[in-house]
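Note: the block below is query-v2.tsv and it holds TSV, C-alpha atoms and all ligand atoms.
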chain	number	residue	atom	x	y	z
A	1	MET	CA	144.61	91.25	62.18
A	2	ARG	CA	146.56	93.84	64.13
A	3	VAL	CA	143.81	96.37	63.48
A	4	THR	CA	141.19	93.93	64.74
A	5	ILE	CA	143.13	93.29	67.95
A	6	LEU	CA	143.59	97.02	68.48
A	7	ALA	CA	139.89	97.60	67.90
A	8	LEU	CA	139.07	94.81	70.35
A	9	LEU	CA	141.37	96.31	72.96
A	10	ALA	CA	139.77	99.71	72.44
A	11	VAL	CA	136.30	98.23	72.96
A	12	ILE	CA	137.44	96.38	76.10
A	13	SER	CA	139.12	99.44	77.59
A	14	LEU	CA	136.11	101.63	76.75
A	15	SER	CA	133.72	99.19	78.37
A	16	LEU	CA	135.89	99.22	81.49
A	17	THR	CA	136.05	103.00	81.74
A	18	PRO	CA	134.13	103.68	84.96
A	19	ALA	CA	132.86	107.10	83.84
A	20	LEU	CA	130.92	105.43	81.06
A	21	LEU	CA	128.74	103.55	83.51
A	22	ALA	CA	127.12	106.82	84.52
A	23	GLN	CA	125.88	107.32	80.98
A	24	ASP	CA	124.52	103.79	80.88
A	25	ALA	CA	121.06	104.15	79.35
A	26	THR	CA	119.94	100.99	81.17
A	27	LEU	CA	120.05	102.85	84.51
A	28	ALA	CA	116.56	104.33	84.94
A	29	PRO	CA	115.54	104.47	81.25
A	30	THR	CA	112.04	105.18	82.60
A	31	PRO	CA	111.27	106.84	85.98
A	32	PRO	CA	112.27	104.51	88.85
A	33	MET	CA	109.37	102.84	90.67
A	34	GLY	CA	109.54	101.47	94.18
A	35	TRP	CA	108.93	102.12	97.86
A	36	ASN	CA	110.85	104.13	100.46
A	37	SER	CA	110.52	103.95	104.24
A	38	TRP	CA	110.70	107.66	105.11
A	39	ASN	CA	107.23	109.15	104.52
A	40	LYS	CA	105.44	106.64	106.73
A	41	PHE	CA	108.08	105.23	109.09
A	42	GLY	CA	110.76	107.92	109.48
A	43	CYS	CA	113.55	106.51	111.65
A	44	ASN	CA	111.47	103.50	112.67
A	45	VAL	CA	113.11	101.12	110.19
A	46	SER	CA	114.13	97.48	110.69
A	47	GLU	CA	114.89	94.38	108.67
A	48	ASP	CA	111.47	92.97	109.59
A	49	LEU	CA	109.71	96.02	108.17
A	50	ILE	CA	111.76	95.96	104.98
A	51	ARG	CA	111.29	92.22	104.44
A	52	GLN	CA	107.56	92.42	105.08
A	53	THR	CA	107.27	95.39	102.76
A	54	ALA	CA	109.11	93.58	99.97
A	55	GLY	CA	106.77	90.62	100.43
A	56	ALA	CA	103.74	92.91	100.37
A	57	MET	CA	105.01	94.57	97.19
A	58	VAL	CA	104.85	91.19	95.48
A	59	LYS	CA	101.60	89.98	97.08
A	60	SER	CA	99.65	93.19	96.49
A	61	GLY	CA	100.37	93.12	92.75
A	62	MET	CA	102.57	96.21	92.93
A	63	LYS	CA	105.59	94.35	91.64
A	64	ASP	CA	103.49	93.13	88.76
A	65	ALA	CA	102.44	96.75	88.11
A	66	GLY	CA	106.12	97.79	87.80
A	67	TYR	CA	107.34	98.64	91.32
A	68	GLN	CA	110.89	97.43	91.75
A	69	TYR	CA	113.10	99.24	94.30
A	70	VAL	CA	112.73	98.70	98.04
A	71	ILE	CA	114.64	101.58	99.62
A	72	ILE	CA	115.65	102.08	103.27
A	73	ASP	CA	115.89	105.80	103.98
A	74	ASP	CA	117.68	107.46	106.90
A	75	CYS	CA	118.50	105.77	110.25
A	76	TRP	CA	119.66	102.30	109.15
A	77	GLN	CA	123.24	103.33	110.04
A	78	VAL	CA	124.62	104.02	113.51
A	79	ALA	CA	128.39	104.50	113.43
A	80	ARG	CA	131.69	103.74	111.70
A	81	ASP	CA	134.14	101.09	112.87
A	82	LYS	CA	137.82	101.84	113.60
A	83	ASP	CA	138.61	101.51	109.89
A	84	GLY	CA	135.85	103.90	108.92
A	85	ASN	CA	133.46	101.26	107.59
A	86	ILE	CA	129.82	102.17	107.95
A	87	ILE	CA	127.90	100.04	110.46
A	88	ALA	CA	124.22	99.18	110.24
A	89	ASP	CA	122.13	99.28	113.45
A	90	PRO	CA	122.77	95.79	114.90
A	91	GLN	CA	119.52	95.83	116.89
A	92	ARG	CA	117.29	96.75	113.98
A	93	PHE	CA	119.21	94.86	111.28
A	94	PRO	CA	120.57	91.83	113.19
A	95	SER	CA	121.02	89.72	110.02
A	96	GLY	CA	122.98	92.47	108.30
A	97	ILE	CA	122.37	94.44	105.15
A	98	LYS	CA	123.70	91.81	102.71
A	99	ALA	CA	121.20	89.20	103.91
A	100	LEU	CA	118.39	91.73	103.52
A	101	ALA	CA	119.53	92.62	99.99
A	102	ASP	CA	119.69	88.91	99.13
A	103	TYR	CA	116.13	88.42	100.33
A	104	ILE	CA	114.86	91.39	98.30
A	105	HIS	CA	116.69	90.13	95.21
A	106	SER	CA	115.26	86.63	95.75
A	107	LEU	CA	111.80	88.16	95.24
A	108	GLY	CA	112.92	89.65	91.91
A	109	LEU	CA	113.08	93.16	93.39
A	110	LYS	CA	115.93	95.65	93.77
A	111	PHE	CA	117.45	97.18	96.87
A	112	GLY	CA	118.12	100.82	97.73
A	113	ILE	CA	119.85	102.59	100.58
A	114	TYR	CA	120.42	106.17	101.83
A	115	SER	CA	123.34	108.38	102.73
A	116	ASP	CA	124.29	112.05	102.81
A	117	VAL	CA	126.86	114.33	101.19
A	118	GLY	CA	127.88	115.85	104.55
A	119	SER	CA	129.44	114.39	107.70
A	120	LYS	CA	125.97	113.62	109.10
A	121	THR	CA	122.60	112.70	107.61
A	122	CYS	CA	119.48	114.74	108.27
A	123	ALA	CA	118.70	112.47	111.24
A	124	GLY	CA	122.25	112.88	112.58
A	125	ARG	CA	123.62	109.49	111.48
A	126	PRO	CA	127.07	109.23	109.85
A	127	GLY	CA	127.16	110.76	106.36
A	128	SER	CA	129.56	109.89	103.56
A	129	LEU	CA	131.84	112.96	103.56
A	130	GLY	CA	135.41	111.72	103.16
A	131	HIS	CA	134.17	108.11	102.89
A	132	GLU	CA	132.63	108.26	99.41
A	133	TYR	CA	134.71	105.51	97.79
A	134	GLN	CA	134.71	103.38	100.92
A	135	ASP	CA	130.92	103.59	101.22
A	136	ALA	CA	130.36	102.96	97.50
A	137	ARG	CA	132.53	99.83	97.72
A	138	GLN	CA	130.52	98.68	100.73
A	139	TYR	CA	127.21	99.29	98.94
A	140	ALA	CA	128.43	97.29	95.93
A	141	ALA	CA	129.53	94.45	98.25
A	142	TRP	CA	126.06	94.51	99.80
A	143	THR	CA	124.59	94.42	96.23
A	144	VAL	CA	122.85	97.78	96.55
A	145	ASP	CA	121.08	98.92	93.35
A	146	TYR	CA	120.03	102.46	94.28
A	147	LEU	CA	121.47	105.22	96.47
A	148	LYS	CA	119.47	108.20	97.69
A	149	TYR	CA	122.07	110.82	98.57
A	150	ASP	CA	120.89	113.67	100.80
A	151	TRP	CA	122.13	117.24	101.34
A	152	CYS	CA	121.97	117.87	105.12
A	153	ASN	CA	125.06	119.31	106.85
A	154	ALA	CA	126.68	120.07	103.51
A	155	THR	CA	128.03	123.37	104.92
A	156	THR	CA	130.21	124.92	102.19
A	157	GLN	CA	130.30	121.89	99.87
A	158	ASP	CA	129.71	122.47	96.18
A	159	ALA	CA	126.63	120.53	95.08
A	160	PRO	CA	127.59	119.45	91.53
A	161	SER	CA	131.04	118.28	92.61
A	162	SER	CA	129.75	116.51	95.74
A	163	TYR	CA	127.28	114.51	93.69
A	164	SER	CA	129.68	113.73	90.84
A	165	LEU	CA	132.22	112.53	93.41
A	166	MET	CA	129.70	109.96	94.64
A	167	ARG	CA	128.82	109.07	91.04
A	168	GLN	CA	132.50	108.37	90.35
A	169	ALA	CA	132.77	106.32	93.51
A	170	LEU	CA	129.69	104.28	92.59
A	171	ASP	CA	131.00	103.72	89.06
A	172	ALA	CA	134.39	102.69	90.40
A	173	SER	CA	132.67	100.03	92.52
A	174	GLY	CA	131.82	98.24	89.29
A	175	ARG	CA	128.13	97.83	90.16
A	176	PRO	CA	125.44	99.78	88.26
A	177	ILE	CA	123.79	101.86	91.01
A	178	VAL	CA	121.06	104.42	90.43
A	179	LEU	CA	122.02	107.78	91.98
A	180	SER	CA	119.11	109.72	93.46
A	181	ILE	CA	120.20	113.31	94.11
A	182	CYS	CA	118.31	114.71	97.09
A	183	GLU	CA	119.34	118.36	97.46
A	184	TRP	CA	115.79	119.72	97.48
A	185	GLY	CA	116.18	121.93	94.39
A	186	THR	CA	118.40	124.32	96.35
A	187	ASN	CA	121.05	124.66	93.62
A	188	LYS	CA	118.74	124.00	90.66
A	189	PRO	CA	119.93	120.41	90.12
A	190	TRP	CA	117.97	120.16	86.84
A	191	LEU	CA	120.78	122.32	85.38
A	192	TRP	CA	123.66	120.03	86.41
A	193	GLY	CA	122.21	116.76	87.76
A	194	LYS	CA	122.52	114.85	84.51
A	195	GLN	CA	126.13	115.88	84.03
A	196	ALA	CA	126.92	114.94	87.62
A	197	GLY	CA	125.66	111.43	86.80
A	198	GLY	CA	122.40	111.69	88.74
A	199	ASN	CA	119.53	109.55	87.51
A	200	LEU	CA	116.94	111.63	89.36
A	201	TRP	CA	117.04	114.79	91.40
A	202	ARG	CA	114.64	116.24	93.92
A	203	THR	CA	113.26	119.53	92.67
A	204	THR	CA	111.76	120.77	95.97
A	205	GLY	CA	111.82	120.55	99.74
A	206	ASP	CA	110.02	117.61	101.39
A	207	ILE	CA	106.47	116.60	100.62
A	208	LYS	CA	104.00	116.16	103.49
A	209	ASP	CA	100.79	114.20	103.53
A	210	ARG	CA	98.59	117.26	102.86
A	211	TRP	CA	96.78	118.72	99.86
A	212	GLU	CA	98.27	122.21	100.03
A	213	GLY	CA	100.17	124.64	102.19
A	214	ARG	CA	103.83	125.29	102.75
A	215	VAL	CA	104.77	124.93	106.42
A	216	LYS	CA	108.02	125.98	108.14
A	217	TRP	CA	110.11	123.30	109.85
A	218	PRO	CA	110.41	123.40	113.67
A	219	ASN	CA	113.85	125.08	113.34
A	220	GLY	CA	112.33	127.92	111.29
A	221	ASP	CA	113.70	126.80	107.91
A	222	CYS	CA	111.29	126.96	105.01
A	223	CYS	CA	109.32	124.65	104.22
A	224	SER	CA	107.58	121.34	103.71
A	225	ASN	CA	105.07	121.25	100.87
A	226	GLY	CA	101.61	119.97	100.08
A	227	VAL	CA	100.86	118.24	96.78
A	228	VAL	CA	99.72	121.32	94.86
A	229	ASP	CA	102.67	123.41	96.10
A	230	ILE	CA	105.02	120.82	94.63
A	231	VAL	CA	103.06	120.66	91.37
A	232	ASP	CA	103.42	124.43	90.94
A	233	LEU	CA	107.19	124.17	91.41
A	234	GLN	CA	107.48	121.69	88.49
A	235	ASN	CA	106.11	124.10	85.95
A	236	GLY	CA	108.82	125.18	83.50
A	237	ILE	CA	111.52	122.59	84.27
A	238	GLU	CA	110.00	119.78	82.21
A	239	SER	CA	112.57	119.99	79.41
A	240	TYR	CA	115.39	118.86	81.77
A	241	ALA	CA	113.91	115.37	82.24
A	242	GLY	CA	114.43	112.41	79.94
A	243	PRO	CA	115.49	108.76	79.87
A	244	GLY	CA	118.12	108.15	82.56
A	245	HIS	CA	117.67	111.53	84.27
A	246	TRP	CA	114.41	112.61	85.90
A	247	ASN	CA	112.99	115.52	87.84
A	248	ASP	CA	111.88	114.14	91.22
A	249	PRO	CA	109.02	116.01	92.93
A	250	ASP	CA	109.50	113.74	96.01
A	251	MET	CA	107.98	110.46	97.08
A	252	LEU	CA	104.32	109.56	97.15
A	253	GLU	CA	102.06	110.10	100.16
A	254	VAL	CA	99.22	108.02	98.66
A	255	GLY	CA	97.62	105.99	101.45
A	256	ASN	CA	99.15	107.76	104.44
A	257	GLY	CA	95.82	109.11	105.65
A	258	GLY	CA	96.12	112.90	105.38
A	259	MET	CA	94.19	113.28	102.12
A	260	THR	CA	90.99	111.97	100.57
A	261	ASP	CA	91.06	109.21	97.95
A	262	THR	CA	90.10	111.82	95.33
A	263	GLU	CA	93.14	113.87	96.35
A	264	TYR	CA	95.39	110.80	96.32
A	265	ARG	CA	94.13	109.97	92.81
A	266	SER	CA	95.07	113.52	91.74
A	267	HIS	CA	98.48	113.26	93.44
A	268	PHE	CA	99.22	109.96	91.68
A	269	SER	CA	97.92	111.13	88.27
A	270	LEU	CA	100.01	114.31	88.40
A	271	TRP	CA	103.17	112.41	89.42
A	272	ALA	CA	102.50	110.02	86.52
A	273	ILE	CA	102.12	112.76	83.94
A	274	LEU	CA	105.21	114.55	85.32
A	275	ALA	CA	107.29	111.43	84.51
A	276	ALA	CA	108.17	111.50	88.22
A	277	PRO	CA	109.77	108.56	90.01
A	278	LEU	CA	106.86	106.63	91.55
A	279	ILE	CA	108.20	105.79	94.99
A	280	ALA	CA	105.35	104.72	97.26
A	281	GLY	CA	105.64	105.88	100.87
A	282	ASN	CA	102.79	104.12	102.67
A	283	ASP	CA	102.50	100.89	104.65
A	284	LEU	CA	102.20	98.28	101.88
A	285	ARG	CA	101.39	95.57	104.42
A	286	ASP	CA	98.14	97.23	105.30
A	287	MET	CA	96.48	98.96	102.33
A	288	ARG	CA	92.80	99.51	101.68
A	289	PRO	CA	91.84	98.14	98.23
A	290	GLU	CA	91.10	101.71	97.09
A	291	ILE	CA	94.71	102.72	97.83
A	292	ARG	CA	96.12	99.63	96.13
A	293	ASP	CA	93.98	100.39	93.09
A	294	ILE	CA	95.43	103.90	92.91
A	295	LEU	CA	99.07	102.79	93.25
A	296	ALA	CA	98.70	99.85	90.88
A	297	ASN	CA	96.60	101.43	88.11
A	298	LYS	CA	98.49	100.04	85.11
A	299	GLU	CA	97.04	102.49	82.60
A	300	VAL	CA	98.16	105.49	84.66
A	301	ILE	CA	101.54	103.83	85.25
A	302	ALA	CA	101.90	103.28	81.49
A	303	VAL	CA	101.70	107.06	81.05
A	304	ASN	CA	104.50	107.51	83.59
A	305	GLN	CA	106.63	104.74	82.07
A	306	ASP	CA	106.17	105.71	78.42
A	307	PRO	CA	109.52	105.03	76.70
A	308	LEU	CA	109.70	108.45	75.04
A	309	GLY	CA	110.40	109.83	78.51
A	310	SER	CA	108.82	113.20	77.89
A	311	GLU	CA	107.71	115.06	81.04
A	312	GLY	CA	104.18	116.43	80.91
A	313	LYS	CA	103.47	120.10	81.39
A	314	ARG	CA	100.70	122.52	82.17
A	315	VAL	CA	99.18	123.65	78.88
A	316	LYS	CA	96.27	125.69	80.23
A	317	LYS	CA	95.38	127.48	83.44
A	318	ASN	CA	92.21	129.33	84.27
A	319	GLY	CA	92.23	130.03	88.02
A	320	ASP	CA	91.76	126.71	89.76
A	321	LEU	CA	91.09	124.84	86.51
A	322	GLU	CA	94.12	123.41	84.74
A	323	VAL	CA	95.03	121.09	81.88
A	324	TRP	CA	98.25	119.07	81.89
A	325	SER	CA	99.47	117.14	78.85
A	326	LYS	CA	102.25	114.66	78.13
A	327	GLN	CA	103.41	113.54	74.74
A	328	MET	CA	103.52	109.76	74.35
A	329	LYS	CA	105.78	107.73	72.11
A	330	ASP	CA	102.94	106.65	69.81
A	331	GLY	CA	101.99	110.28	69.16
A	332	SER	CA	99.00	110.26	71.50
A	333	ARG	CA	98.68	112.56	74.51
A	334	ALA	CA	98.01	111.77	78.13
A	335	VAL	CA	95.83	114.55	79.51
A	336	ILE	CA	94.77	115.57	83.01
A	337	LEU	CA	91.87	117.90	83.61
A	338	PHE	CA	92.76	119.16	87.09
A	339	ASN	CA	90.33	120.98	89.37
A	340	ARG	CA	92.22	122.52	92.29
A	341	GLY	CA	89.15	124.31	93.57
A	342	GLY	CA	86.65	123.37	96.27
A	343	ALA	CA	83.63	122.88	93.94
A	344	ASP	CA	82.99	120.53	91.01
A	345	HIS	CA	83.52	122.17	87.63
A	346	GLU	CA	83.56	121.42	83.93
A	347	ILE	CA	87.01	121.60	82.31
A	348	SER	CA	87.66	121.41	78.62
A	349	VAL	CA	90.77	120.90	76.53
A	350	SER	CA	91.02	121.87	72.88
A	351	TRP	CA	93.12	119.93	70.39
A	352	GLU	CA	95.09	123.15	69.93
A	353	ASP	CA	96.09	123.01	73.63
A	354	LEU	CA	97.49	119.54	72.86
A	355	GLY	CA	99.32	120.57	69.71
A	356	TYR	CA	96.85	118.84	67.36
A	357	PRO	CA	95.01	120.38	64.40
A	358	THR	CA	91.42	121.26	65.30
A	359	HIS	CA	89.76	119.16	62.59
A	360	LEU	CA	91.24	115.86	63.89
A	361	GLU	CA	89.01	113.15	65.25
A	362	ALA	CA	90.55	111.45	68.27
A	363	GLU	CA	89.59	108.63	70.61
A	364	ALA	CA	89.50	109.42	74.30
A	365	ARG	CA	89.92	106.79	77.01
A	366	ASP	CA	89.36	107.42	80.72
A	367	LEU	CA	92.27	105.91	82.67
A	368	TRP	CA	90.52	105.81	86.06
A	369	GLN	CA	87.17	104.51	84.79
A	370	LYS	CA	89.18	102.26	82.41
A	371	LYS	CA	86.64	103.01	79.71
A	372	ASP	CA	86.71	104.14	76.06
A	373	LEU	CA	84.72	107.34	75.81
A	374	GLY	CA	84.36	107.43	72.02
A	375	LYS	CA	85.50	109.84	69.31
A	376	PHE	CA	85.82	113.56	69.78
A	377	LYS	CA	86.47	116.41	67.38
A	378	SER	CA	88.38	119.61	68.25
A	379	LYS	CA	87.98	119.29	72.04
A	380	PHE	CA	87.16	117.13	75.03
A	381	SER	CA	85.27	118.28	78.12
A	382	SER	CA	84.31	116.67	81.37
A	383	GLN	CA	82.93	117.47	84.78
A	384	VAL	CA	85.78	117.26	87.33
A	385	PRO	CA	85.23	116.88	91.10
A	386	ALA	CA	86.70	119.33	93.62
A	387	HIS	CA	90.43	118.58	94.17
A	388	GLY	CA	90.03	115.90	91.51
A	389	VAL	CA	91.23	114.93	88.08
A	390	VAL	CA	89.85	113.33	84.97
A	391	MET	CA	92.73	111.57	83.26
A	392	VAL	CA	92.41	110.47	79.65
A	393	THR	CA	94.50	109.54	76.67
A	394	VAL	CA	93.66	111.35	73.44
A	395	ARG	CA	94.64	109.28	70.43
A	396	PRO	CA	94.06	110.63	66.87
B	401	LIG	C1	115.54	114.86	104.10
B	401	LIG	C2	115.01	114.27	102.80
B	401	LIG	C3	113.88	113.30	103.12
B	401	LIG	C4	114.39	112.21	104.04
B	401	LIG	C5	114.99	112.80	105.30
B	401	LIG	C6	115.72	111.75	106.13
B	401	LIG	O1	114.57	115.65	104.73
B	401	LIG	O2	114.58	115.28	101.93
B	401	LIG	O3	113.34	112.76	101.93
B	401	LIG	O4	115.36	111.44	103.34
B	401	LIG	O5	115.95	113.82	104.99
B	401	LIG	O6	116.29	112.27	107.29
Encoded form (structure tokens):
Amino acid sequence: MRVTILALLAVISLSLTPALLAQDATLAPTPPMGWNSWNKFGCNVSEDLIRQTAGAMVKSGMKDAGYQYVIIDDCWQVARDKDGNIIADPQRFPSGIKALADYIHSLGLKFGIYSDVGSKTCAGRPGSLGHEYQDARQYAAWTVDYLKYDWCNATTQDAPSSYSLMRQALDASGRPIVLSICEWGTNKPWLWGKQAGGNLWRTTGDIKDRWEGRVKWPNGDCCSNGVVDIVDLQNGIESYAGPGHWNDPDMLEVGNGGMTDTEYRSHFSLWAILAAPLIAGNDLRDMRPEIRDILANKEVIAVNQDPLGSEGKRVKKNGDLEVWSKQMKDGSRAVILFNRGGADHEISVSWEDLGYPTHLEAEARDLWQKKDLGKFKSKFSSQVPAHGVVMVTVRP
């Protein structure tokens, strides 16, 4: 009897140990999916925008396709009160953050917010330095489910310890909160992000709504990235991702107008095969059907959300012609034939490239045409449009 009571006490005390929450496999077991205000709206955020976006996420079928988090990025916060409590912009969020979170939860969605490691955010709003526990307690009281934590004005701060401090603060709040590390790959967060309790970490500087080209920021710092620049920076870090801890090549630009639909389809396919968080960044209230059909393609999303949690990688490169492959839990492969060049081209993938014996017969299914293509032996080839992809599953 005594042993049983002791064992019970041990279980209770273990389950109350805050540090254990960080290891909780239920936090982001597959890459988080949602929407974030920054790419389209920048600082122009308000409770009306966030409410309407949450509604549109449900109405458009995106919730049904797996999108969950509605995340306000920078500029929701304006100051601290005399006790140091963070204050939301009273003009833009007159009903307060808790009411907004309640509304989002009432739709069956989850709510995310943004802060920064330093004394100020990238847009110059108050950051969390010195207020980590106070802010985490406030987020928990507001029923926040996700924190994106940025790296501006970090001066001499140590990245792993700054992020694990916030992880500890979030855990101590008693609410399971996803921690999104946003330090742009500066200190190679794939090496320490999991240990710091991050559930995802940005691997690069910011994405912009362009196909390719790295462009310096107005202050001369390097650089924002196009889609293919970011893709190149993912090569070789795939082994650091897995359930609960993901490489984050930044949020989606699908639908923001700077690329063609073919390019957006490539962008989305590559993010899916990279097991990247799928955080839409367009105006969900006003989407062309073509854009909705990209963001809500359930077969492509199933590749991203596969429970094995293996990140895809480039298995073949021949100039502008590439093949990317991701191992799926059922033993099949998701495959992207990727044509970066400016002219249509045939691309072929051999079973050897996929780690299969050559003699195997395998079924291929096209995930954009949503069509079974039949059985293939030893290889699969297809014509791929300029800047386009053909995305298939290969199932022996
Ligand atoms: C940084 C981040 C962006 C965005 C802005 C907000 O640039 O990388 O994703 O959060 O700050 O100011």
Within-10 Å shell of (97.9, 124.5, 79.9) in input frame, all atoms listed in the file, as number ranges by chain: A: 313-318, 321-325, 336-337, 349, 353-354
At a cut-off of 9 Å around ligand LIG 401 (chain B), and using all atoms listed in the file, what residues come up? Please write them as a PDB file with C-alpha atoms, in the coordinates of the input.
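File produced: result_38.pdb:
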ATOM      1  CA  SER A  37     110.520 103.950 104.240  1.00  0.00           C
ATOM      2  CA  TRP A  38     110.700 107.660 105.110  1.00  0.00           C
ATOM      3  CA  ASN A  39     107.230 109.150 104.520  1.00  0.00           C
ATOM      4  CA  GLY A  42     110.760 107.920 109.480  1.00  0.00           C
ATOM      5  CA  CYS A  43     113.550 106.510 111.650  1.00  0.00           C
ATOM      6  CA  ASP A  73     115.890 105.800 103.980  1.00  0.00           C
ATOM      7  CA  ASP A  74     117.680 107.460 106.900  1.00  0.00           C
ATOM      8  CA  CYS A  75     118.500 105.770 110.250  1.00  0.00           C
ATOM      9  CA  TYR A 114     120.420 106.170 101.830  1.00  0.00           C
ATOM     10  CA  SER A 115     123.340 108.380 102.730  1.00  0.00           C
ATOM     11  CA  ASP A 116     124.290 112.050 102.810  1.00  0.00           C
ATOM     12  CA  THR A 121     122.600 112.700 107.610  1.00  0.00           C
ATOM     13  CA  CYS A 122     119.480 114.740 108.270  1.00  0.00           C
ATOM     14  CA  ALA A 123     118.700 112.470 111.240  1.00  0.00           C
ATOM     15  CA  GLY A 124     122.250 112.880 112.580  1.00  0.00           C
ATOM     16  CA  ARG A 125     123.620 109.490 111.480  1.00  0.00           C
ATOM     17  CA  LYS A 148     119.470 108.200  97.690  1.00  0.00           C
ATOM     18  CA  TYR A 149     122.070 110.820  98.570  1.00  0.00           C
ATOM     19  CA  ASP A 150     120.890 113.670 100.800  1.00  0.00           C
ATOM     20  CA  TRP A 151     122.130 117.240 101.340  1.00  0.00           C
ATOM     21  CA  CYS A 152     121.970 117.870 105.120  1.00  0.00           C
ATOM     22  CA  CYS A 182     118.310 114.710  97.090  1.00  0.00           C
ATOM     23  CA  GLU A 183     119.340 118.360  97.460  1.00  0.00           C
ATOM     24  CA  TRP A 184     115.790 119.720  97.480  1.00  0.00           C
ATOM     25  CA  ARG A 202     114.640 116.240  93.920  1.00  0.00           C
ATOM     26  CA  THR A 204     111.760 120.770  95.970  1.00  0.00           C
ATOM     27  CA  GLY A 205     111.820 120.550  99.740  1.00  0.00           C
ATOM     28  CA  ASP A 206     110.020 117.610 101.390  1.00  0.00           C
ATOM     29  CA  ILE A 207     106.470 116.600 100.620  1.00  0.00           C
ATOM     30  CA  ASP A 250     109.500 113.740  96.010  1.00  0.00           C
ATOM     31  CA  MET A 251     107.980 110.460  97.080  1.00  0.00           C
TER      32      MET A 251
END
Counting all atoms listed in the file, the option among A:Glu253, A:Asp64, A:Asp209, A:Asp48 closest to Asn282 of chain A: A:Glu253
Close residues, Leu49 of chain A itself excluded, 10 Å, all atoms listed in the file, min 4 positions apart in chain, as a list of chain:residue names: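 Residues near the query, excluding close chain neighbours: A:Ser37, A:Phe41, A:Asn44, A:Val45, A:Thr53, A:Ala54, A:Gly55, A:Ile72, A:Arg92, A:Asp283, A:Arg285.
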Residues within 10 Å of Ala159 of chain A, only C-alpha atoms, excluding chain neighbours under 6 positions, as a PyMOL selection string: chain A and resi 117+151+165+181+183+186-189+192-193+196
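Taking only C-alpha atoms into account, Gly197 of chain A lies nearest to A:Leu27 out of the set A:Leu27, A:Gly220, A:Ile294, A:Val335.
Within 7 Å of the point (126.7, 102.7, 100.7) in file coordinates, and counting all atoms listed in the file, lie the residues Ile113, Ser115, Asp135, Ala136, Gln138 and Tyr139 of chain A.
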Using all atoms listed in the file: which of A:Gln168, A:Asn247, A:Ser266, A:Ser95 has the shortest distance to Lys194 of chain A: A:Asn247
Point-to-point distance from atom CA of Tyr240 of chain A to atom CA of Gln68 of chain A, Å rounded to tenths: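 Separation of atom CA of Tyr240 of chain A and atom CA of Gln68 of chain A: 24.1 Å.
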d(atom CA of Lys370 of chain A, atom CA of Pro277 of chain A) in Å: 22.8 Å
Residue with smallest distance to Leu308 of chain A - pool A:Gly112, A:Pro243, A:Gly66, A:Pro160, counting only C-alpha atoms: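 Among A:Gly112, A:Pro243, A:Gly66, A:Pro160, it is A:Pro243 that comes nearest to Leu308 of chain A.
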Could N, CA, C and O atoms be built for segment 153-161 of chain A and written out as a PDB file, keeping the file's coordinate frame?
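Generated output (selection.pdb):
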ATOM      1  N   ASN A 153     123.717 119.058 106.312  1.00  0.00           N
ATOM      2  CA  ASN A 153     125.060 119.310 106.850  1.00  0.00           C
ATOM      3  C   ASN A 153     126.122 119.408 105.763  1.00  0.00           C
ATOM      4  O   ASN A 153     127.274 119.002 105.960  1.00  0.00           O
ATOM      5  N   ALA A 154     125.735 119.959 104.632  1.00  0.00           N
ATOM      6  CA  ALA A 154     126.680 120.070 103.510  1.00  0.00           C
ATOM      7  C   ALA A 154     127.586 121.298 103.678  1.00  0.00           C
ATOM      8  O   ALA A 154     128.561 121.443 102.913  1.00  0.00           O
ATOM      9  N   THR A 155     127.283 122.125 104.650  1.00  0.00           N
ATOM     10  CA  THR A 155     128.030 123.370 104.920  1.00  0.00           C
ATOM     11  C   THR A 155     128.459 124.067 103.637  1.00  0.00           C
ATOM     12  O   THR A 155     127.612 124.494 102.866  1.00  0.00           O
ATOM     13  N   THR A 156     129.772 124.153 103.372  1.00  0.00           N
ATOM     14  CA  THR A 156     130.210 124.920 102.190  1.00  0.00           C
ATOM     15  C   THR A 156     130.462 124.047 100.967  1.00  0.00           C
ATOM     16  O   THR A 156     131.037 124.512  99.985  1.00  0.00           O
ATOM     17  N   GLN A 157     130.033 122.776 101.014  1.00  0.00           N
ATOM     18  CA  GLN A 157     130.300 121.890  99.870  1.00  0.00           C
ATOM     19  C   GLN A 157     129.606 122.388  98.602  1.00  0.00           C
ATOM     20  O   GLN A 157     128.511 122.950  98.655  1.00  0.00           O
ATOM     21  N   ASP A 158     130.281 122.116  97.473  1.00  0.00           N
ATOM     22  CA  ASP A 158     129.710 122.470  96.180  1.00  0.00           C
ATOM     23  C   ASP A 158     128.815 121.312  95.726  1.00  0.00           C
ATOM     24  O   ASP A 158     129.262 120.150  95.717  1.00  0.00           O
ATOM     25  N   ALA A 159     127.586 121.622  95.364  1.00  0.00           N
ATOM     26  CA  ALA A 159     126.630 120.530  95.080  1.00  0.00           C
ATOM     27  C   ALA A 159     127.029 119.696  93.860  1.00  0.00           C
ATOM     28  O   ALA A 159     127.145 118.471  93.976  1.00  0.00           O
ATOM     29  N   PRO A 160     127.260 120.314  92.677  1.00  0.00           N
ATOM     30  CA  PRO A 160     127.590 119.450  91.530  1.00  0.00           C
ATOM     31  C   PRO A 160     128.802 118.565  91.793  1.00  0.00           C
ATOM     32  O   PRO A 160     128.791 117.373  91.479  1.00  0.00           O
ATOM     33  N   SER A 161     129.862 119.133  92.429  1.00  0.00           N
ATOM     34  CA  SER A 161     131.040 118.280  92.610  1.00  0.00           C
ATOM     35  C   SER A 161     130.830 117.223  93.688  1.00  0.00           C
ATOM     36  O   SER A 161     131.347 116.107  93.581  1.00  0.00           O
TER      37      SER A 161
END
